[in-house]
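> This is coords-v5.txt (compact mmCIF, C-alpha atoms).
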# COMPACT_ATOMS: atom_id res chain seq x y z
CA MET D 1 -35.98 -4.69 9.15
CA ILE D 2 -34.39 -2.81 6.25
CA LYS D 3 -35.13 0.91 6.04
CA GLN D 4 -36.21 2.33 2.67
CA ILE D 5 -35.59 5.75 1.15
CA SER D 6 -37.32 6.75 -2.09
CA SER D 7 -37.17 10.56 -2.09
CA THR D 8 -34.15 12.59 -3.21
CA GLN D 9 -35.27 15.29 -0.76
CA ASN D 10 -34.69 13.01 2.22
CA LYS D 11 -32.33 14.55 4.82
CA GLU D 12 -30.13 11.45 4.83
CA VAL D 13 -29.73 11.62 1.06
CA LYS D 14 -28.71 15.27 1.28
CA HIS D 15 -26.16 14.35 3.94
CA LEU D 16 -24.66 11.64 1.74
CA LEU D 17 -24.34 14.13 -1.11
CA GLN D 18 -22.51 16.54 1.17
CA LEU D 19 -20.10 13.78 2.20
CA GLN D 20 -19.30 13.25 -1.47
CA GLU D 21 -18.74 16.93 -2.14
CA LYS D 22 -17.28 18.50 1.01
CA SER D 23 -13.90 17.52 2.43
CA ARG D 24 -14.55 19.76 5.43
CA LEU D 25 -17.58 17.65 6.40
CA ARG D 26 -15.62 14.42 5.89
CA ARG D 27 -12.94 15.70 8.24
CA LYS D 28 -15.44 17.00 10.79
CA GLU D 29 -17.46 13.77 10.98
CA GLY D 30 -14.56 11.40 10.36
CA VAL D 31 -16.46 9.42 7.73
CA PHE D 32 -16.56 9.15 3.95
CA LEU D 33 -18.55 7.47 1.20
CA VAL D 34 -17.44 4.57 -1.02
CA GLU D 35 -19.34 3.19 -4.00
CA GLY D 36 -18.93 -0.08 -5.88
CA GLN D 37 -18.59 -3.67 -4.70
CA ARG D 38 -14.86 -3.96 -5.38
CA GLU D 39 -13.99 -0.70 -3.65
CA ILE D 40 -16.14 -1.54 -0.62
CA ALA D 41 -14.60 -5.01 -0.40
CA LEU D 42 -11.09 -3.51 -0.56
CA ALA D 43 -11.93 -0.98 2.16
CA ILE D 44 -13.15 -3.81 4.39
CA LYS D 45 -10.02 -5.85 3.59
CA GLY D 46 -7.96 -2.78 4.47
CA ASN D 47 -9.50 -2.85 7.97
CA LEU D 48 -11.50 0.33 7.60
CA SER D 49 -14.53 0.46 9.86
CA LEU D 50 -17.82 0.00 7.98
CA LYS D 51 -20.65 2.16 9.35
CA ALA D 52 -23.63 1.78 6.95
CA ILE D 53 -24.63 0.35 3.56
CA TYR D 54 -27.06 1.68 0.95
CA PHE D 55 -28.20 -0.38 -2.04
CA CYS D 56 -30.50 -0.13 -5.02
CA PRO D 57 -32.38 -3.45 -5.48
CA GLY D 58 -32.76 -2.86 -9.22
CA LEU D 59 -28.97 -3.02 -9.59
CA ILE D 60 -27.79 -5.45 -6.91
CA GLU D 61 -29.45 -8.27 -4.98
CA LEU D 62 -29.75 -8.09 -1.20
CA LYS D 63 -27.85 -11.38 -0.80
CA GLU D 64 -24.82 -9.80 -2.50
CA VAL D 65 -25.04 -6.83 -0.14
CA GLU D 66 -25.25 -9.09 2.90
CA LYS D 67 -22.03 -10.86 1.86
CA LEU D 68 -20.20 -7.57 2.45
CA ASN D 69 -21.93 -6.89 5.75
CA SER D 70 -19.92 -9.05 8.13
CA SER D 71 -20.00 -6.21 10.68
CA GLN D 72 -23.81 -6.26 10.67
CA VAL D 73 -24.17 -2.51 10.10
CA PRO D 74 -27.50 -0.91 9.11
CA ILE D 75 -28.60 -1.56 5.51
CA THR D 76 -30.83 0.92 3.71
CA GLU D 77 -32.67 0.26 0.46
CA ILE D 78 -32.73 3.28 -1.85
CA SER D 79 -34.68 3.92 -5.04
CA ALA D 80 -33.03 4.16 -8.46
CA GLU D 81 -33.68 7.91 -8.43
CA VAL D 82 -31.92 8.32 -5.09
CA TYR D 83 -29.02 6.12 -6.19
CA GLU D 84 -28.53 8.16 -9.37
CA LYS D 85 -28.54 11.32 -7.27
CA ILE D 86 -25.88 10.09 -4.87
CA ALA D 87 -23.65 7.92 -7.08
CA TYR D 88 -20.50 9.72 -8.19
CA ARG D 89 -19.85 7.35 -11.06
CA GLY D 90 -22.27 6.61 -13.86
CA SER D 91 -21.88 2.84 -13.91
CA THR D 92 -21.46 1.25 -10.50
CA GLU D 93 -23.10 -1.80 -9.05
CA GLY D 94 -25.88 -0.13 -7.08
CA ILE D 95 -24.16 -0.13 -3.69
CA LEU D 96 -22.63 2.57 -1.49
CA ALA D 97 -21.20 2.46 2.02
CA ILE D 98 -20.07 4.81 4.75
CA PHE D 99 -16.70 4.12 6.37
CA LYS D 100 -14.81 5.71 9.21
CA THR D 101 -11.69 7.57 8.06
CA LYS D 102 -8.20 6.52 9.11
CA GLU D 103 -5.76 9.07 10.51
CA ASN D 104 -2.84 7.90 8.32
CA ARG D 105 -0.24 8.98 10.89
CA LEU D 106 3.49 8.55 10.39
CA GLN D 107 3.94 7.23 13.93
CA ASP D 108 1.65 4.32 13.12
CA ILE D 109 3.83 3.08 10.25
CA THR D 110 5.85 -0.07 10.86
CA PHE D 111 7.75 -2.27 8.43
CA LYS D 112 8.01 -6.03 8.13
CA THR D 113 11.37 -5.83 6.39
CA LYS D 114 14.76 -4.27 7.15
CA ASN D 115 14.99 -2.70 3.69
CA PRO D 116 11.59 -1.13 3.01
CA LEU D 117 10.78 0.58 -0.27
CA ILE D 118 8.73 3.75 0.14
CA LEU D 119 7.14 5.98 -2.48
CA ILE D 120 6.73 9.63 -1.51
CA ALA D 121 4.82 12.33 -3.37
CA GLU D 122 5.17 15.94 -2.28
CA ALA D 123 2.11 18.20 -2.51
CA PRO D 124 0.22 16.36 -5.25
CA GLU D 125 -3.00 18.20 -6.08
CA LYS D 126 -4.75 16.36 -8.91
CA PRO D 127 -6.84 13.44 -7.62
CA GLY D 128 -6.21 11.57 -10.87
CA ASN D 129 -2.46 11.71 -10.36
CA ILE D 130 -2.78 10.65 -6.72
CA GLY D 131 -4.99 7.74 -7.74
CA ALA D 132 -2.52 6.67 -10.42
CA ILE D 133 0.38 6.85 -7.94
CA LEU D 134 -1.55 4.66 -5.51
CA ARG D 135 -2.29 2.12 -8.25
CA THR D 136 1.41 2.02 -9.12
CA ALA D 137 2.30 1.55 -5.44
CA ASP D 138 -0.19 -1.30 -5.15
CA ALA D 139 1.08 -2.98 -8.32
CA ALA D 140 4.67 -2.78 -7.05
CA LYS D 141 3.59 -3.70 -3.52
CA VAL D 142 5.75 -1.01 -1.94
CA ASP D 143 6.04 -1.02 1.84
CA ALA D 144 4.41 2.40 2.28
CA VAL D 145 3.25 5.53 0.49
CA PHE D 146 3.80 8.92 2.10
CA ILE D 147 2.05 12.11 0.98
CA ALA D 148 4.06 15.17 2.01
CA ASN D 149 2.22 18.47 2.46
CA PRO D 150 -1.07 17.02 1.16
CA LYS D 151 -3.32 19.36 -0.82
CA THR D 152 -6.26 16.98 -1.23
CA ASP D 153 -7.82 14.69 1.35
CA LEU D 154 -7.33 10.99 0.63
CA TYR D 155 -11.05 10.25 0.80
CA ASN D 156 -11.94 12.56 -2.07
CA PRO D 157 -14.28 10.49 -4.32
CA ASN D 158 -12.06 11.22 -7.32
CA ILE D 159 -9.07 9.65 -5.55
CA ILE D 160 -11.08 6.59 -4.55
CA ARG D 161 -12.33 6.24 -8.13
CA SER D 162 -9.02 6.86 -9.92
CA SER D 163 -7.12 4.60 -7.51
CA VAL D 164 -9.68 1.82 -8.11
CA GLY D 165 -9.72 1.27 -4.37
CA CYS D 166 -5.92 1.21 -4.00
CA VAL D 167 -6.25 4.02 -1.45
CA PHE D 168 -7.35 1.13 0.81
CA THR D 169 -4.74 -1.46 -0.22
CA ASN D 170 -1.64 0.65 0.45
CA LYS D 171 -0.09 1.53 3.78
CA ILE D 172 -0.37 5.33 3.65
CA ALA D 173 0.80 8.16 5.89
CA THR D 174 0.66 11.93 5.53
CA GLY D 175 2.77 14.64 7.10
CA SER D 176 4.83 17.71 6.40
CA THR D 177 8.03 17.41 4.39
CA SER D 178 10.05 18.06 7.57
CA GLU D 179 8.18 15.38 9.52
CA ILE D 180 8.65 12.78 6.80
CA ILE D 181 12.35 13.55 6.38
CA ALA D 182 12.82 13.19 10.14
CA PHE D 183 10.99 9.84 10.05
CA LEU D 184 13.19 8.55 7.21
CA LYS D 185 16.39 9.59 8.96
CA GLN D 186 15.24 8.05 12.23
CA HIS D 187 14.72 4.73 10.42
CA ASN D 188 17.97 4.98 8.39
CA ILE D 189 16.12 5.04 5.06
CA SER D 190 18.04 6.51 2.11
CA ILE D 191 16.30 9.37 0.29
CA TYR D 192 16.34 9.50 -3.51
CA ALA D 193 14.77 12.73 -4.72
CA ALA D 194 13.70 13.07 -8.35
CA ALA D 195 15.25 16.43 -9.20
CA LEU D 196 17.24 18.00 -12.01
CA GLN D 197 19.89 19.54 -9.76
CA VAL D 198 23.10 17.58 -9.01
CA SER D 199 21.45 14.34 -10.05
CA LYS D 200 22.48 10.91 -11.30
CA PRO D 201 20.57 8.69 -13.75
CA TYR D 202 18.08 6.61 -11.74
CA HIS D 203 19.25 3.27 -13.15
CA THR D 204 22.76 3.79 -11.73
CA ILE D 205 21.46 3.88 -8.16
CA ASP D 206 21.37 0.90 -5.78
CA PHE D 207 17.80 0.68 -4.53
CA THR D 208 18.22 -2.65 -2.75
CA ARG D 209 18.85 -1.01 0.62
CA ALA D 210 16.09 0.74 2.62
CA SER D 211 15.00 3.40 0.14
CA ALA D 212 12.49 6.23 -0.27
CA ILE D 213 11.84 7.49 -3.79
CA VAL D 214 10.47 11.04 -3.76
CA VAL D 215 8.61 12.75 -6.60
CA GLY D 216 7.19 16.26 -6.86
CA THR D 217 4.66 18.03 -9.04
CA GLU D 218 5.29 18.68 -12.73
CA ALA D 219 4.82 22.41 -12.22
CA THR D 220 7.22 23.06 -9.34
CA GLY D 221 9.13 19.83 -8.74
CA LEU D 222 10.41 19.07 -5.25
CA SER D 223 11.04 21.66 -2.57
CA GLU D 224 14.57 22.65 -1.66
CA GLU D 225 14.25 20.78 1.64
CA TRP D 226 14.09 17.44 -0.17
CA ARG D 227 17.02 18.29 -2.42
CA GLU D 228 19.14 19.34 0.57
CA ASN D 229 18.33 16.21 2.58
CA SER D 230 18.47 13.59 -0.15
CA THR D 231 21.04 10.83 -0.13
CA GLN D 232 21.23 11.36 -3.88
CA ASN D 233 19.14 13.30 -6.36
CA ILE D 234 18.08 11.17 -9.32
CA ILE D 235 16.90 11.89 -12.83
CA ILE D 236 15.15 10.00 -15.62
CA PRO D 237 17.13 10.79 -18.81
CA MET D 238 14.85 12.10 -21.54
CA SER D 239 15.53 12.57 -25.24
CA GLY D 240 12.64 14.86 -26.23
CA GLU D 241 12.14 18.60 -26.10
CA ILE D 242 10.73 18.77 -22.55
CA ASP D 243 12.46 18.06 -19.25
CA SER D 244 9.54 16.70 -17.20
CA MET D 245 6.86 14.04 -17.37
CA ASN D 246 3.63 13.19 -15.56
CA VAL D 247 4.38 12.54 -11.89
CA SER D 248 2.58 9.19 -11.82
CA VAL D 249 4.51 8.00 -14.89
CA ALA D 250 7.81 9.07 -13.34
CA ALA D 251 6.90 7.34 -10.09
CA GLY D 252 6.14 4.13 -11.99
CA ILE D 253 9.47 4.15 -13.81
CA LEU D 254 11.47 4.74 -10.63
CA ILE D 255 9.58 2.29 -8.41
CA PHE D 256 9.72 -0.55 -10.90
CA GLU D 257 13.46 -0.06 -11.41
CA ALA D 258 13.80 -0.50 -7.65
CA LYS D 259 11.60 -3.59 -7.80
CA ARG D 260 13.67 -4.97 -10.72
CA GLN D 261 16.85 -4.60 -8.67
CA ARG D 262 15.18 -6.38 -5.77
CA GLY D 263 14.12 -9.29 -8.00
CA PHE D 264 10.45 -8.29 -7.60
Could you rewrite the structure in this file as structure tokens?

Amino acid sequence: MIKQISSTQNKEVKHLLQLQEKSRLRRKEGVFLVEGQREIALAIKGNLSLKAIYFCPGLIELKEVEKLNSSQVPITEISAEVYEKIAYRGSTEGILAIFKTKENRLQDITFKTKNPLILIAEAPEKPGNIGAILRTADAAKVDAVFIANPKTDLYNPNIIRSSVGCVFTNKIATGSTSEIIAFLKQHNISIYAAALQVSKPYHTIDFTRASAIVVGTEATGLSEEWRENSTQNIIIPMSGEIDSMNVSVAAGILIFEAKRQRGF
């Protein structure tokens, strides 16, 4: 029997809203909320554990919901008013789901190739930039994405939205800059840090070996620790008046040069 919720004052509805808004609660309970059929399907494909589904029958048919429910988790029917209250985006397909978070630990990362290509972002703050980086990583099918010194939790609804679900399609790990550098050295992966100091143009570098491309924020760039431990600092030559560009754009340029060298 499917449970029904019609009131926006329902305790369960208030809890779902808090999951959307509070990273502390997501961390404490180890769960997060996903909305939209595509995003939910990608989370399931990414082997995240589905815990519950909520749907609005005026926007999606039950049979479509049941197609996603291979784990046979509880399904709750919610009214249009409740859905509008919970939904983070204005135009989704009338379905939301709770998933268990992944720990995204460095020690769980393994590679299927001897020359992996890794994209690393240090201390990115803006969810939109993180989402764009993850979309780039998915498009290039990199072997892993590492977030060094993360400022925003990966299950922030803005990251899920801006990544179009690519937060679930990439192999992701988080850690401190020191931990990630130690991991790269342990696995004999060359470090190419995007920095202005003592750098070479990115297109002159051989990215066909095991490589990690590291980008920092537009405001502060990369920390000294990356610059000191890099195999080679790299730069994207620019002809305009400024000496920096959006971090997700820079990441795209660098990653796809590496992919070009590898024959895609």
> Could you list, with a cut-off of 8 Å and counting all atoms listed in the file, the residues of region 118-192 of chain D near region 217-230 of chain D, each shown with its nearest atom pair and the distance in Å rounded to one decimal, rows sorted by chain and ascending number, as CSV?

residue,atom,partner,partner_atom,distance
D:Glu122,CA,D:Leu222,CA,6.8
D:Ala123,CA,D:Thr217,CA,7.0
D:Pro124,CA,D:Thr217,CA,6.1
D:Thr177,CA,D:Trp226,CA,7.6
D:Ser178,CA,D:Glu225,CA,7.8
D:Ile181,CA,D:Asn229,CA,7.6
D:Ser190,CA,D:Ser230,CA,7.4
D:Ile191,CA,D:Ser230,CA,4.8
D:Tyr192,CA,D:Ser230,CA,5.7
> Hey, what's within 10 Å of Asn10 (chain D) if we count all atoms listed in the file and toss same-chain stuff fewer than 5 positions away? As a PyMOL selection string, please?
chain D and resi 5+15+82
> Given the choices D:Ile40, D:Ile205, D:Ile253, D:Met245, which gets closest to Gln232 (chain D) if the distance is worked out from only C-alpha atoms?
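So, comparing all the options, the nearest one is D:Ile205.
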> Counting all atoms listed in the file, give me one row per residue of region 92-178 of chain D with an atom at most 8 Å from an atom of region 35-39 of chain D, showing the shortest contact pair and its distance in Å to one decimal, sorted by chain then residue number, as CSV.

residue,atom,partner,partner_atom,distance
D:Thr92,CA,D:Gly36,CA,5.4
D:Glu93,CA,D:Gly36,CA,5.5
D:Gly94,CA,D:Gly36,CA,7.1
D:Ile95,CA,D:Gly36,CA,5.7
D:Leu96,CA,D:Glu35,CA,4.2
D:Ala97,CA,D:Glu35,CA,6.3
D:Ile160,CA,D:Glu39,CA,7.9
D:Val164,CA,D:Glu39,CA,6.7
D:Gly165,CA,D:Glu39,CA,4.8
> Please compute the CA of Leu33 (chain D)-CA of Leu119 (chain D) distance, one decimal, in Å.
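The value is 26.0 Å.
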> So how far away is CA of Ala43 (chain D) from CA of Cys166 (chain D), in Å?
8.9 Å
> Excluding Glu81 (chain D) and its own-chain neighbours fewer than 5 positions away, which residues fall within 12 Å of it when counting only C-alpha atoms? Please give them as an MDAnalysis selection string.
chainID D and resid 5:10 13 55:59 86:87 94
